[in-house]
Every structure is written in C-alpha cells, then in structure tokens.
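> Just so it is clear, I am handing over upload_34.txt, which has compact mmCIF, C-alpha atoms.
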# COMPACT_ATOMS: atom_id res chain seq x y z
CA MET A 1 53.67 -20.05 9.44
CA ALA A 2 49.93 -20.34 10.02
CA LYS A 3 47.77 -21.18 7.05
CA LYS A 4 45.59 -18.28 5.98
CA LYS A 5 41.88 -18.99 6.33
CA LYS A 6 39.93 -18.68 3.08
CA THR A 7 36.70 -16.75 2.89
CA HIS A 8 33.88 -18.32 0.97
CA PRO A 9 32.78 -16.13 -1.98
CA LYS A 10 29.20 -16.03 -0.73
CA ALA A 11 30.36 -14.49 2.52
CA ALA A 12 32.03 -11.67 0.65
CA MET A 13 28.96 -10.67 -1.36
CA ARG A 14 25.27 -11.44 -1.24
CA ALA A 15 23.40 -9.81 -4.12
CA GLY A 16 19.61 -9.82 -4.39
CA SER A 17 17.60 -10.52 -7.52
CA ASN A 18 17.10 -6.81 -8.12
CA GLY A 19 20.83 -6.11 -8.34
CA ARG A 20 20.99 -4.61 -4.87
CA GLY A 21 23.52 -6.15 -2.54
CA GLN A 22 26.68 -5.71 -0.57
CA ARG A 23 29.96 -5.27 -2.36
CA PRO A 24 33.34 -4.05 -1.17
CA PRO A 25 34.30 -0.82 -2.97
CA ALA A 26 37.75 -0.37 -4.44
CA SER A 27 40.37 1.24 -2.24
CA PRO A 28 42.66 4.01 -3.57
CA ALA A 29 45.20 1.30 -4.41
CA GLY A 30 42.57 -0.57 -6.42
CA LYS A 31 42.04 -3.26 -3.79
CA ALA A 32 38.71 -4.21 -2.23
CA THR A 33 37.89 -3.02 1.28
CA PRO A 34 35.70 -5.78 2.80
CA ALA A 35 34.86 -3.66 5.85
CA GLN A 36 32.81 -1.23 3.71
CA ARG A 37 29.58 -1.86 1.85
CA THR A 38 27.58 0.08 -0.70
CA TYR A 39 23.83 -0.19 -1.36
CA THR A 40 21.59 0.89 -4.20
CA ILE A 41 17.92 1.84 -3.79
CA LEU A 42 15.93 1.33 -6.98
CA ASP A 43 14.15 4.58 -7.92
CA TYR A 44 11.42 4.56 -10.59
CA ARG A 45 10.63 8.27 -10.34
CA LEU A 46 10.88 10.70 -13.24
CA GLU A 47 10.79 13.67 -10.82
CA LYS A 48 12.68 14.23 -7.58
CA LEU A 49 11.05 16.57 -5.06
CA SER A 50 13.03 19.77 -4.54
CA PHE A 51 11.21 21.43 -1.66
CA ALA A 52 11.07 21.15 2.11
CA LEU A 53 8.77 22.13 4.98
CA ARG A 54 9.85 24.10 8.01
CA GLN A 55 8.16 25.30 11.15
CA VAL A 56 7.90 29.06 11.63
CA ARG A 57 7.09 30.75 14.94
CA ALA A 58 5.76 34.30 15.10
CA GLY A 59 4.79 35.21 18.64
CA ASP A 60 2.16 32.71 19.76
CA GLU A 61 1.50 31.58 16.20
CA VAL A 62 3.12 28.45 14.81
CA ARG A 63 2.78 27.58 11.14
CA TYR A 64 4.54 25.62 8.40
CA GLU A 65 6.15 27.09 5.32
CA VAL A 66 7.26 25.32 2.18
CA THR A 67 10.62 26.28 0.73
CA GLY A 68 12.19 25.29 -2.58
CA ASP A 69 11.10 25.03 -6.19
CA LEU A 70 7.38 24.42 -6.73
CA SER A 71 7.39 25.48 -10.39
CA ALA A 72 8.73 22.26 -11.92
CA PRO A 73 6.70 20.89 -14.84
CA VAL A 74 4.52 17.84 -14.26
CA PRO A 75 6.48 14.71 -15.21
CA PRO A 76 5.09 12.26 -17.78
CA ILE A 77 3.68 8.86 -16.88
CA ARG A 78 6.37 6.20 -16.96
CA GLU A 79 5.31 3.40 -19.33
CA SER A 80 4.79 0.06 -17.60
CA LYS A 81 7.01 -2.89 -18.42
CA TYR A 82 4.24 -5.39 -17.69
CA LEU A 83 0.72 -3.97 -18.19
CA SER A 84 -1.38 -4.66 -21.27
CA LYS A 85 -3.68 -2.06 -22.81
CA GLN A 86 -6.72 -3.66 -21.18
CA GLN A 87 -5.02 -3.73 -17.77
CA TYR A 88 -4.17 -0.02 -18.04
CA ILE A 89 -7.85 0.75 -18.58
CA GLU A 90 -8.99 -1.55 -15.77
CA ILE A 91 -6.71 0.19 -13.25
CA TYR A 92 -7.94 3.58 -14.48
CA ARG A 93 -11.53 2.47 -13.90
CA TRP A 94 -10.75 1.28 -10.37
CA MET A 95 -9.14 4.64 -9.62
CA LEU A 96 -12.23 6.50 -10.86
CA LEU A 97 -14.54 4.32 -8.78
CA ASN A 98 -12.32 4.80 -5.73
CA ARG A 99 -12.48 8.60 -5.93
CA LYS A 100 -16.15 8.85 -6.78
CA MET A 101 -17.08 6.50 -3.96
CA GLU A 102 -15.17 8.62 -1.44
CA THR A 103 -16.90 11.74 -2.77
CA ALA A 104 -20.23 9.99 -2.22
CA LEU A 105 -19.16 9.04 1.31
CA GLU A 106 -18.30 12.65 2.06
CA ASN A 107 -21.77 13.73 0.96
CA LEU A 108 -23.40 10.97 3.03
CA TYR A 109 -21.42 12.15 6.05
CA LYS A 110 -22.65 15.71 5.56
CA GLN A 111 -26.20 14.35 5.37
CA GLY A 112 -25.76 12.70 8.76
CA LYS A 113 -25.99 9.17 7.35
CA VAL A 114 -22.48 8.02 8.35
CA VAL A 115 -21.75 6.61 11.81
CA GLY A 116 -18.38 7.92 13.01
CA GLY A 117 -15.75 9.52 10.78
CA VAL A 118 -14.57 9.10 7.22
CA TYR A 119 -10.97 8.66 6.11
CA PHE A 120 -9.99 9.69 2.61
CA GLY A 121 -7.34 8.58 0.17
CA LEU A 122 -7.73 11.59 -2.12
CA GLY A 123 -4.62 11.77 -4.28
CA GLN A 124 -3.57 8.22 -3.33
CA GLU A 125 -5.87 6.24 -5.63
CA ALA A 126 -3.05 5.19 -7.97
CA CYS A 127 -1.11 3.67 -5.07
CA SER A 128 -4.07 1.77 -3.61
CA CYS A 129 -5.52 0.44 -6.86
CA ALA A 130 -2.38 -0.32 -8.86
CA SER A 131 -0.66 -2.06 -5.95
CA ALA A 132 -3.59 -4.38 -5.18
CA TYR A 133 -3.97 -5.07 -8.90
CA ALA A 134 -0.58 -6.83 -8.81
CA LEU A 135 -1.86 -9.48 -6.38
CA ARG A 136 -3.12 -12.89 -7.48
CA LYS A 137 -6.20 -14.60 -6.07
CA GLU A 138 -4.14 -16.75 -3.68
CA ASP A 139 -2.19 -13.74 -2.36
CA TRP A 140 -3.28 -11.72 0.69
CA LEU A 141 -4.00 -8.05 1.34
CA GLY A 142 -4.00 -6.04 4.57
CA PRO A 143 -5.35 -2.56 3.72
CA MET A 144 -5.20 0.55 5.87
CA ILE A 145 -7.77 3.33 6.25
CA ARG A 146 -6.84 5.11 3.00
CA ASN A 147 -6.69 1.97 0.87
CA GLN A 148 -10.36 1.65 -0.02
CA GLY A 149 -9.33 1.38 -3.65
CA SER A 150 -7.44 -1.78 -2.71
CA LEU A 151 -10.64 -3.22 -1.25
CA LEU A 152 -12.52 -2.48 -4.48
CA VAL A 153 -9.85 -4.19 -6.57
CA ARG A 154 -9.93 -7.17 -4.21
CA GLY A 155 -13.64 -7.72 -4.80
CA PHE A 156 -15.61 -5.64 -2.32
CA SER A 157 -18.27 -3.44 -3.89
CA ALA A 158 -18.83 0.25 -3.28
CA ARG A 159 -22.11 -0.64 -1.56
CA ASP A 160 -20.22 -2.89 0.88
CA ILE A 161 -17.95 -0.02 1.88
CA MET A 162 -20.73 2.57 2.08
CA MET A 163 -22.95 0.27 4.15
CA GLN A 164 -20.01 -0.34 6.46
CA TYR A 165 -19.58 3.39 7.07
CA MET A 166 -23.32 3.72 7.69
CA ALA A 167 -23.35 0.67 10.05
CA LYS A 168 -26.10 -1.02 8.05
CA ALA A 169 -27.29 -4.56 8.73
CA GLY A 170 -26.03 -5.69 5.33
CA SER A 171 -22.51 -4.35 5.85
CA PRO A 172 -19.54 -6.74 6.07
CA THR A 173 -19.62 -6.49 9.90
CA LYS A 174 -23.45 -6.51 10.09
CA GLY A 175 -23.48 -3.03 11.62
CA ARG A 176 -21.20 -3.97 14.54
CA ASP A 177 -18.35 -1.73 13.43
CA ALA A 178 -17.92 1.26 11.17
CA SER A 179 -15.13 2.82 9.15
CA SER A 180 -12.71 0.47 7.41
CA HIS A 181 -12.56 -2.29 10.03
CA PHE A 182 -13.60 -5.27 7.96
CA GLY A 183 -12.04 -7.98 5.84
CA ASP A 184 -12.72 -11.39 4.37
CA ILE A 185 -10.40 -14.29 5.17
CA GLU A 186 -12.60 -16.88 3.48
CA LYS A 187 -12.95 -15.75 -0.15
CA ARG A 188 -11.05 -12.52 -0.80
CA ASN A 189 -7.99 -13.12 1.41
CA VAL A 190 -8.29 -9.69 3.04
CA VAL A 191 -7.17 -9.10 6.64
CA ALA A 192 -9.16 -6.34 8.35
CA PRO A 193 -7.27 -3.12 9.18
CA ILE A 194 -5.92 -2.74 12.71
CA SER A 195 -6.20 0.71 14.27
CA THR A 196 -2.91 0.32 16.11
CA LEU A 197 -0.59 1.44 13.34
CA GLY A 198 2.06 -1.02 12.28
CA ASP A 199 0.38 -4.09 13.74
CA LEU A 200 -0.73 -5.36 10.34
CA ILE A 201 2.91 -5.89 9.34
CA PRO A 202 3.65 -8.82 11.69
CA VAL A 203 0.14 -10.16 11.08
CA LEU A 204 0.72 -10.32 7.32
CA ALA A 205 4.18 -11.78 7.91
CA GLY A 206 2.40 -14.48 9.91
CA VAL A 207 0.03 -15.12 7.02
CA ALA A 208 3.02 -15.66 4.72
CA LEU A 209 4.59 -17.96 7.31
CA GLY A 210 1.36 -19.95 7.59
CA ALA A 211 1.23 -20.40 3.83
CA ARG A 212 4.84 -21.56 3.77
CA LEU A 213 4.14 -24.17 6.43
CA GLN A 214 1.45 -25.43 4.06
CA GLY A 215 3.95 -25.64 1.22
CA ARG A 216 3.23 -22.35 -0.56
CA ASN A 217 5.19 -19.14 -1.09
CA ILE A 218 2.71 -16.32 -1.61
CA ALA A 219 2.79 -12.52 -1.70
CA VAL A 220 1.21 -10.68 1.22
CA MET A 221 0.77 -6.92 0.86
CA THR A 222 0.09 -4.25 3.44
CA TYR A 223 0.62 -0.53 3.91
CA ILE A 224 1.94 1.91 6.48
CA GLY A 225 2.13 5.71 6.44
CA ASP A 226 5.17 7.92 6.91
CA GLY A 227 4.02 8.48 10.49
CA GLY A 228 3.10 4.89 11.28
CA GLN A 229 6.39 3.53 9.98
CA SER A 230 8.09 5.09 13.01
CA THR A 231 6.38 2.61 15.35
CA GLY A 232 8.36 -0.18 16.95
CA VAL A 233 6.06 -2.95 15.73
CA THR A 234 6.82 -1.89 12.14
CA TYR A 235 10.48 -2.69 12.69
CA GLU A 236 9.77 -5.90 14.56
CA GLY A 237 7.41 -7.24 11.92
CA LEU A 238 9.61 -6.27 9.00
CA ASN A 239 12.72 -7.69 10.65
CA PHE A 240 10.96 -11.00 11.27
CA ALA A 241 9.81 -11.14 7.64
CA ALA A 242 13.35 -10.40 6.47
CA VAL A 243 14.99 -13.01 8.69
CA GLN A 244 12.48 -15.66 7.64
CA ASP A 245 12.44 -14.66 3.93
CA LEU A 246 8.66 -14.20 4.04
CA GLY A 247 6.89 -12.73 1.02
CA LEU A 248 5.85 -9.42 2.59
CA VAL A 249 5.34 -6.49 0.21
CA LEU A 250 5.24 -3.36 2.36
CA PHE A 251 4.11 -0.06 0.84
CA VAL A 252 5.22 2.93 2.88
CA GLU A 253 2.78 5.62 1.76
CA ASN A 254 4.82 8.76 2.29
CA ASN A 255 2.05 11.32 1.89
CA LEU A 256 4.13 14.03 3.60
CA TRP A 257 2.03 14.34 6.76
CA GLY A 258 1.72 12.18 9.89
CA TYR A 259 -1.58 13.75 10.91
CA SER A 260 -0.42 17.37 11.31
CA THR A 261 3.32 16.67 11.57
CA PRO A 262 5.26 17.16 8.32
CA ALA A 263 7.48 14.27 7.26
CA ASP A 264 10.54 16.55 7.30
CA MET A 265 10.14 16.90 11.08
CA GLN A 266 9.71 13.23 12.02
CA PHE A 267 12.64 11.41 10.38
CA ARG A 268 16.11 12.34 9.15
CA VAL A 269 16.68 9.93 6.26
CA LYS A 270 16.14 11.43 2.84
CA ASP A 271 14.01 8.54 1.63
CA LEU A 272 12.18 6.04 3.81
CA ALA A 273 13.16 3.31 1.37
CA GLU A 274 16.68 3.66 2.78
CA ARG A 275 15.47 1.88 5.89
CA ALA A 276 15.30 -1.34 3.89
CA ILE A 277 19.12 -1.40 4.06
CA ALA A 278 18.99 -2.15 7.78
CA TYR A 279 16.96 -5.30 7.12
CA GLY A 280 19.02 -6.51 4.18
CA ILE A 281 16.03 -6.38 1.82
CA PRO A 282 15.34 -4.46 -1.41
CA GLY A 283 14.16 -0.87 -1.10
CA VAL A 284 12.28 0.81 -3.95
CA ILE A 285 11.04 4.38 -4.48
CA VAL A 286 8.09 5.22 -6.74
CA ASP A 287 6.02 8.27 -7.60
CA GLY A 288 2.79 7.36 -5.82
CA THR A 289 0.75 9.41 -8.30
CA ASP A 290 1.97 7.30 -11.26
CA ALA A 291 -0.03 4.06 -11.45
CA CYS A 292 2.49 2.48 -13.83
CA GLN A 293 5.40 2.95 -11.43
CA VAL A 294 3.34 1.62 -8.53
CA TYR A 295 2.21 -1.44 -10.45
CA ASP A 296 5.64 -2.33 -11.81
CA ALA A 297 7.25 -2.08 -8.37
CA ALA A 298 4.43 -4.13 -6.81
CA TYR A 299 4.58 -6.72 -9.60
CA GLU A 300 8.31 -7.26 -9.18
CA ALA A 301 8.02 -7.42 -5.39
CA CYS A 302 5.17 -9.95 -5.60
CA GLU A 303 7.10 -12.12 -8.06
CA ARG A 304 10.09 -12.03 -5.73
CA ALA A 305 7.85 -13.01 -2.81
CA ARG A 306 6.38 -15.97 -4.72
CA ARG A 307 9.90 -17.20 -5.49
CA GLY A 308 10.54 -17.37 -1.75
CA GLN A 309 13.11 -14.56 -1.83
CA GLY A 310 11.65 -12.50 1.01
CA PRO A 311 10.15 -9.06 1.59
CA THR A 312 10.41 -5.77 -0.29
CA LEU A 313 9.91 -2.24 1.06
CA ILE A 314 8.37 0.18 -1.47
CA GLU A 315 8.15 3.88 -0.65
CA ALA A 316 5.41 5.68 -2.60
CA LYS A 317 5.79 9.47 -2.51
CA MET A 318 2.63 11.54 -2.92
CA MET A 319 0.43 14.02 -1.06
CA ARG A 320 -2.55 13.46 1.19
CA MET A 321 -4.94 15.95 -0.38
CA LYS A 322 -7.28 16.16 2.61
CA GLY A 323 -6.82 16.16 6.35
CA HIS A 324 -6.25 13.07 8.47
CA ALA A 325 -10.01 12.45 8.48
CA ILE A 326 -13.16 14.34 7.58
CA HIS A 327 -13.04 16.29 10.86
CA ASP A 328 -9.58 17.66 9.98
CA ALA A 329 -9.61 20.71 7.68
CA ALA A 330 -5.82 20.47 7.17
CA GLU A 331 -5.37 24.20 7.76
CA TYR A 332 -1.79 23.50 8.82
CA VAL A 333 -0.82 22.58 5.23
CA PRO A 334 0.62 25.51 3.21
CA ARG A 335 -1.71 26.28 0.28
CA PRO A 336 1.12 26.21 -2.32
CA LEU A 337 1.70 22.57 -1.47
CA PHE A 338 -1.89 21.68 -2.37
CA GLU A 339 -1.56 23.61 -5.62
CA TYR A 340 1.66 21.78 -6.51
CA TRP A 341 0.18 18.32 -6.00
CA LYS A 342 -3.16 19.17 -7.61
CA LYS A 343 -1.26 19.54 -10.89
CA ARG A 344 0.02 16.00 -10.32
CA ASP A 345 -3.42 14.49 -9.72
CA CYS A 346 -3.04 10.76 -10.36
CA ILE A 347 -6.37 10.33 -12.16
CA ALA A 348 -6.07 13.40 -14.41
CA ARG A 349 -2.53 12.39 -15.42
CA PHE A 350 -3.53 8.80 -16.14
CA GLU A 351 -6.57 9.89 -18.15
CA ASN A 352 -4.39 12.20 -20.26
CA TYR A 353 -1.88 9.39 -20.76
CA LEU A 354 -4.48 6.90 -21.99
CA VAL A 355 -6.52 9.30 -24.14
CA ASN A 356 -3.98 11.79 -25.49
CA VAL A 357 -0.58 10.11 -25.24
CA LYS A 358 -1.28 6.44 -25.96
CA LYS A 359 -4.58 7.18 -27.78
CA TRP A 360 -5.96 3.85 -26.61
CA PHE A 361 -9.48 5.20 -26.47
CA SER A 362 -11.20 8.38 -27.58
CA ALA A 363 -12.59 11.21 -25.49
CA GLU A 364 -16.08 9.86 -26.24
CA GLU A 365 -15.13 6.36 -25.04
CA ASN A 366 -13.65 7.89 -21.91
CA ARG A 367 -16.86 9.81 -21.29
CA LYS A 368 -18.87 6.59 -21.59
CA LEU A 369 -16.53 4.81 -19.17
CA ILE A 370 -16.99 7.62 -16.62
CA GLU A 371 -20.77 7.49 -17.07
CA ASP A 372 -20.69 3.72 -16.51
CA VAL A 373 -18.78 4.22 -13.24
CA ASP A 374 -21.29 6.90 -12.19
CA ARG A 375 -24.23 4.56 -12.88
CA GLU A 376 -22.64 1.75 -10.89
CA LEU A 377 -21.88 4.04 -7.97
CA GLU A 378 -25.34 5.64 -7.96
CA ALA A 379 -26.99 2.20 -7.83
CA ASP A 380 -24.70 1.10 -5.01
CA ARG A 381 -25.27 4.33 -3.07
CA ASP A 382 -29.06 4.07 -3.40
CA PHE A 383 -28.92 0.43 -2.30
CA ALA A 384 -26.78 1.29 0.72
CA VAL A 385 -28.98 4.22 1.79
CA ALA A 386 -32.16 2.14 1.49
CA SER A 387 -30.68 -0.78 3.43
CA PRO A 388 -32.04 -1.30 6.95
CA MET A 389 -30.17 -0.69 10.16
CA PRO A 390 -29.53 -3.78 12.31
CA VAL A 391 -32.28 -4.76 14.73
CA PRO A 392 -31.37 -4.37 18.42
CA GLU A 393 -31.64 -8.12 19.03
CA SER A 394 -28.79 -8.79 16.59
CA ALA A 395 -26.29 -7.05 18.89
CA ALA A 396 -25.92 -10.24 20.93
CA GLY A 397 -24.95 -12.28 17.88
CA GLY A 398 -21.31 -13.23 17.65
CA VAL A 399 -20.54 -12.23 21.22
CA TYR A 400 -20.11 -15.82 22.38
CA CYS A 401 -18.48 -18.66 20.51
CA GLU A 402 -20.95 -20.55 18.36
CA ALA A 403 -20.51 -23.93 16.71
CA GLY A 404 -17.39 -23.98 14.59
CA CYS A 405 -16.36 -20.39 15.30
CA HIS A 406 -12.86 -21.41 16.38
CA GLU A 407 -12.36 -24.02 13.71
CA ILE A 408 -9.27 -23.13 11.66
CA LYS A 409 -8.75 -24.97 8.38
CA PRO A 410 -5.56 -24.93 6.32
CA LYS A 411 -5.93 -22.67 3.28
CA TYR A 412 -3.46 -24.38 0.98
CA GLY A 413 -2.94 -27.82 2.49
CA MET A 414 -1.87 -29.58 5.67
CA PRO A 415 1.33 -28.22 7.28
CA ARG A 416 4.33 -30.17 6.12
CA ALA A 417 6.46 -32.15 8.56
CA ARG A 418 10.10 -33.03 8.08
CA ALA A 419 11.48 -36.44 8.97
CA GLY A 420 14.75 -36.63 10.94
CA THR A 421 16.72 -38.69 13.40
CA ALA A 422 17.84 -38.12 16.96
CA ALA A 423 19.98 -40.54 18.99
CA GLY A 424 19.26 -43.22 16.41
CA LEU A 425 15.50 -42.88 16.78
CA LYS A 426 13.22 -41.57 14.04
CA ARG A 427 11.26 -38.46 14.81
CA THR A 428 9.29 -35.77 13.02
CA ASP A 429 10.09 -32.08 13.39
CA ALA A 430 7.27 -29.88 14.57
CA ALA A 431 5.34 -28.20 11.76
CA VAL A 432 6.06 -24.78 13.28
CA HIS A 433 9.79 -25.09 12.68
CA LEU A 434 10.44 -21.69 11.09
CA LYS A 435 13.53 -21.80 8.95
Produce structure tokens that represent the structure in this file.


Amino acid sequence: MAKKKKTHPKAAMRAGSNGRGQRPPASPAGKATPAQRTYTILDYRLEKLSFALRQVRAGDEVRYEVTGDLSAPVPPIRESKYLSKQQYIEIYRWMLLNRKMETALENLYKQGKVVGGVYFGLGQEACSCASAYALRKEDWLGPMIRNQGSLLVRGFSARDIMMQYMAKAGSPTKGRDASSHFGDIEKRNVVAPISTLGDLIPVLAGVALGARLQGRNIAVMTYIGDGGQSTGVTYEGLNFAAVQDLGLVLFVENNLWGYSTPADMQFRVKDLAERAIAYGIPGVIVDGTDACQVYDAAYEACERARRGQGPTLIEAKMMRMKGHAIHDAAEYVPRPLFEYWKKRDCIARFENYLVNVKKWFSAEENRKLIEDVDRELEADRDFAVASPMPVPESAAGGVYCEAGCHEIKPKYGMPRARAGTAAGLKRTDAAVHLK
C-alpha cells in the first residue's frame, strides 16, 4: 500500500495580517473541502449604497436614470483608531485648502489665466488628503489629476499648483507643461502623474522594488479611477507588486463615473475591492467621503507595506461632483445623484464632527481657521498671478542632456549584493535579483 503524501499546513492555508486568507469551508459532513476557498473583504463603511444607474432610450435620446433608495440618512463619521486630535484638525485644514484652491483655479480659468484645462477633485478631498497624510517622509506618492490635495499634504504649496496651471516661469516645470504633470523626486518623493491611465502603478511598484534593492521596505501610494482600473497595465503592475511583495498602496477612487460612463455599465463585480482576490492581496472598502475611514485604511496598508508584506487595494466609494474636467458640464449625471452626495459632502461632515460631535474646537475657532486658510490662499493666488511667464529663450533649456542630468544616485543606500557559490567558485548575485 502506497504511503499517503502529507500536505504541509502552510500549503493548506495562507492567511494575511488583516485576517483575510484562504481557508477550506466545512462540508455537509463537517469535513474540510480543500478545493474551495472563501475570502473576506474588509469594509469600513457605515452606509452601503442602495441605488443603481441604468441607461434609458427614448427615440433618439439616451439618458441615465438612478433607481433605488436615495432617502437614506447621512451616516456619521467613523472614529479613527489612530488619529490624534491635532491630526484630525490638520487633515481638515488640508481638505479646506484643497477645495478653496480648486475654486480659485476655476475662477482663474474663467478669467483666461489658465493654459489648458482644469481637473477637479470636488467631493474627493477626504480621499486625497487623508490618504497622503498616512505616508512618511521616506515613502513615495504618485498622484493623479484629482489628487491635488495629496500634493498639498506632500509639501507643494497652492502657489506651486496655480503657477503650474498658468504655465508660469516659477512653476515646478518652469512653464514647460501645464495641468498636474509635475513631481519632485529629490525632496518630496513625488512621481509626476502619467496621462496614460494605469501606468503609474507599475512605476510605483518599481520605486518600491528599487528601495528594497537598497535594503528598505517602504510604502508607495498611487491612485486609479473606476474607469482607469479597467486598463491592462493596472493588472500587470498590480500583479507584479503582488508577486514580489512590494509595498504598493493602490487607491481605486470609485467616483461612479468613467468620464460619462456610469460605473454600473463598465464592470460586473459589486465592489472593485473584490478584484484584490485575484492577486492574493488584501482588499478594503471605505467611504471616500469619510476622512477617518480613508486614513485608517491607508495607515494599515502603509504599515503592512513597511513590514514587507506586499500591496493592498483600497476602494474608496464617493461621487465626482463635477464633470471629467472644466469643459465637461456633466449633464449626463441625473440631478438626484448630485443632491444625494451633496448631503454627504466630506468637508461639511468633517467640520460638523470636529465642532459639534467631538467639540474639539468652537465655532469661533473654526471660523478663524477658515479665515487663515483664506489668507494663505489669497497670498498664494496673488503671487501666482503676478509671476512672470517664461521668456522664449528658456524653451530650449532641458531639451538636451546637460551635465549630470542622467546621474542616478541611490536614495537609501547602495544596492545590496548576495554572496553565493557556483561549481565551487565564489560569485555575487546581481543586485537586480528580484525575489
């Protein structure tokens, strides 16, 4: 009789640090069924959406209608497990600055002072600011077009962003580009946005890999929308990060619209966080209008990344409260949907939570904080408007390689090599050995 082969316990179950893993469910006879697996997606939300969008055709007219219950009361803010009182207030201030700066940009655009278009993150300030707030100085950020709040948290000023949109000589790209296409890999550890959606994901995975080769596990954070997450490069980059256990923290900003296509018409899964199952990594769902939920999920994902335990996919559900860009009036969005999400405005809810629920500062103190943000923004706007445009001669600068332009220095230390033997001879493995 042949000896039965034993299965190692680790092969039967691999559980992650967040309690999510693979386990054989009990069969009707009470025995495990190894061929089946169950997964759990962590969900921080205090409200589950109970409506859907559908396309309606009437003759030559095509429109979208929202069906379901839009009368549900606004949920409370979920108290953070990690934030201090001062940190709550700091995130609130970043959110205010984010929104007021975008309002100023809209006005500058209407005055003809902006070169190109403007992309807004109205309604998404909690996601941008609270997520970036979870990063440490040595971590890296790859923002997208609606994550201007992330740039503010990371150390760029409102005047930097406004000068960039106006193509001023003092902008981060010296007037050579507009919109959000700028970063800072020297001091702020910010990778510039890439217009081809999804491409930042493998780039940030590469940043995490580079840090590991230098002996460091760091968190690298980037974003993708509900439309952009359907691109092939999103899957390729996330799969690579998962296989290599790289510290990628990916926020899928499910703001219900991929330009003018409703989310309900572009994917069949109920929650985009479910896609984490295919990569064998944790999937988390948060209310993107609740800064506490966003921060806690980002904090835990970043800590996991720094421990070398790999990537996390976080789906933030919210509503894009303007069109794709300033040229898009978003007339395709049913008005009741705007009204529903306006009641869940992330800044108004957070303000009420800090002033009326927690009573951490008075209405008068809140008014002074808002006035302080207004003064800062007004000074930055005036500075940006008064700044000169680049001189024509400067257009040739940076076109050709200048001294040291291709010099790449290790950020955290020299890549580590591993000693080994082959055929009795000593050798050293290449530093680019992945895993």

> Between CA of Tyr340 in chain A and CA of Val62 in chain A, what is the distance, to one decimal in Å?

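Value for the CA of Tyr340 in chain A-CA of Val62 in chain A distance: 22.4 Å.
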
> Taking into account only C-alpha atoms, which residue in the set A:Gly149, A:Gly116, A:Gly215, A:Pro193 is nearest to Arg93 in chain A?

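Closest residue, counting only C-alpha atoms: A:Gly149.
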
> Go through range 66-105 of chain A residue by residue and, counting only C-alpha atoms, keep those with an atom at most 12 Å from range 324-327 of chain A; for each kept residue give the shortest atom pair and its distance in Å to one decimal, ordered by chain and increasing number, as JSON lines.


{"residue": "A:Glu102", "atom": "CA", "partner": "A:Ile326", "partner_atom": "CA", "distance": 10.9}
{"residue": "A:Thr103", "atom": "CA", "partner": "A:Ile326", "partner_atom": "CA", "distance": 11.3}
{"residue": "A:Leu105", "atom": "CA", "partner": "A:Ile326", "partner_atom": "CA", "distance": 10.2}

> Using all atoms listed in the file, which protein or nucleic acid residues come within 8 Å of Gly227 in chain A? Drop anything in the same chain fewer than 2 positions from it, and give the result as a CSV table (one decimal) with C-alpha atoms, in the coordinates of the input.


chain,number,residue,atom,x,y,z
A,224,ILE,CA,1.9,1.9,6.5
A,225,GLY,CA,2.1,5.7,6.4
A,229,GLN,CA,6.4,3.5,10.0
A,230,SER,CA,8.1,5.1,13.0
A,231,THR,CA,6.4,2.6,15.4
A,257,TRP,CA,2.0,14.3,6.8
A,258,GLY,CA,1.7,12.2,9.9
A,259,TYR,CA,-1.6,13.8,10.9
A,263,ALA,CA,7.5,14.3,7.3
A,266,GLN,CA,9.7,13.2,12.0

> Pick the closest to Lys81 in chain A from A:Tyr295, A:Tyr353, A:Tyr39, A:Phe120: which is it, counting all atoms listed in the file?

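Residue with the minimum atom-to-atom distance to Lys81 in chain A: A:Tyr295.
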
> Kindly indicate which residue among A:Ala278, A:Leu141, A:Val333, A:Leu209 lies nearest to Val249 in chain A, using all atoms listed in the file for the distances.

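Closest to Val249 in chain A of all the choices is A:Leu141.
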
> Using Å and a single decimal, report how far CA of Ile161 in chain A sits from CA of Val391 in chain A.

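Result for CA of Val391 in chain A versus CA of Ile161 in chain A: 19.8 Å, one decimal.
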
> Show me, as lines of an AutoDock Vina configuration file, the centre and edge lengths in Å to one decimal of the axis-aligned box that covers every listed atom of range 102-109 of chain A with 6 Å on each side.


center_x = -19.3
center_y = 11.2
center_z = 1.6
size_x = 20.2
size_y = 17.1
size_z = 20.8

> When you look at Ala72 in chain A with a cut-off of 10 Å (counting all atoms listed in the file), what residues show up, excluding the ones that are within fewer than 2 positions of it in the same chain? I need them as a list of chain:residue names.

A:Glu47, A:Lys48, A:Leu49, A:Ser50, A:Asp69, A:Leu70, A:Val74, A:Pro75, A:Tyr340

> For range 59-108 of chain A versus range 131-138 of chain A, which residues have an atom no more than 12 Å away, and what is each residue's nearest atom pair and distance in Å rounded to one decimal, using all atoms listed in the file, chain-then-number order, as a tab-separated table?


residue	atom	partner	partner_atom	distance
A:Tyr82	CA	A:Ala134	CA	10.2
A:Leu83	CA	A:Ala134	CA	9.9
A:Gln87	CA	A:Tyr133	CA	9.0
A:Tyr88	CA	A:Tyr133	CA	10.4
A:Ile89	CA	A:Tyr133	CA	11.9
A:Glu90	CA	A:Tyr133	CA	9.2
A:Ile91	CA	A:Tyr133	CA	7.4
A:Tyr92	CA	A:Tyr133	CA	11.0
A:Arg93	CA	A:Tyr133	CA	11.8
A:Trp94	CA	A:Tyr133	CA	9.4
A:Met95	CA	A:Tyr133	CA	11.0
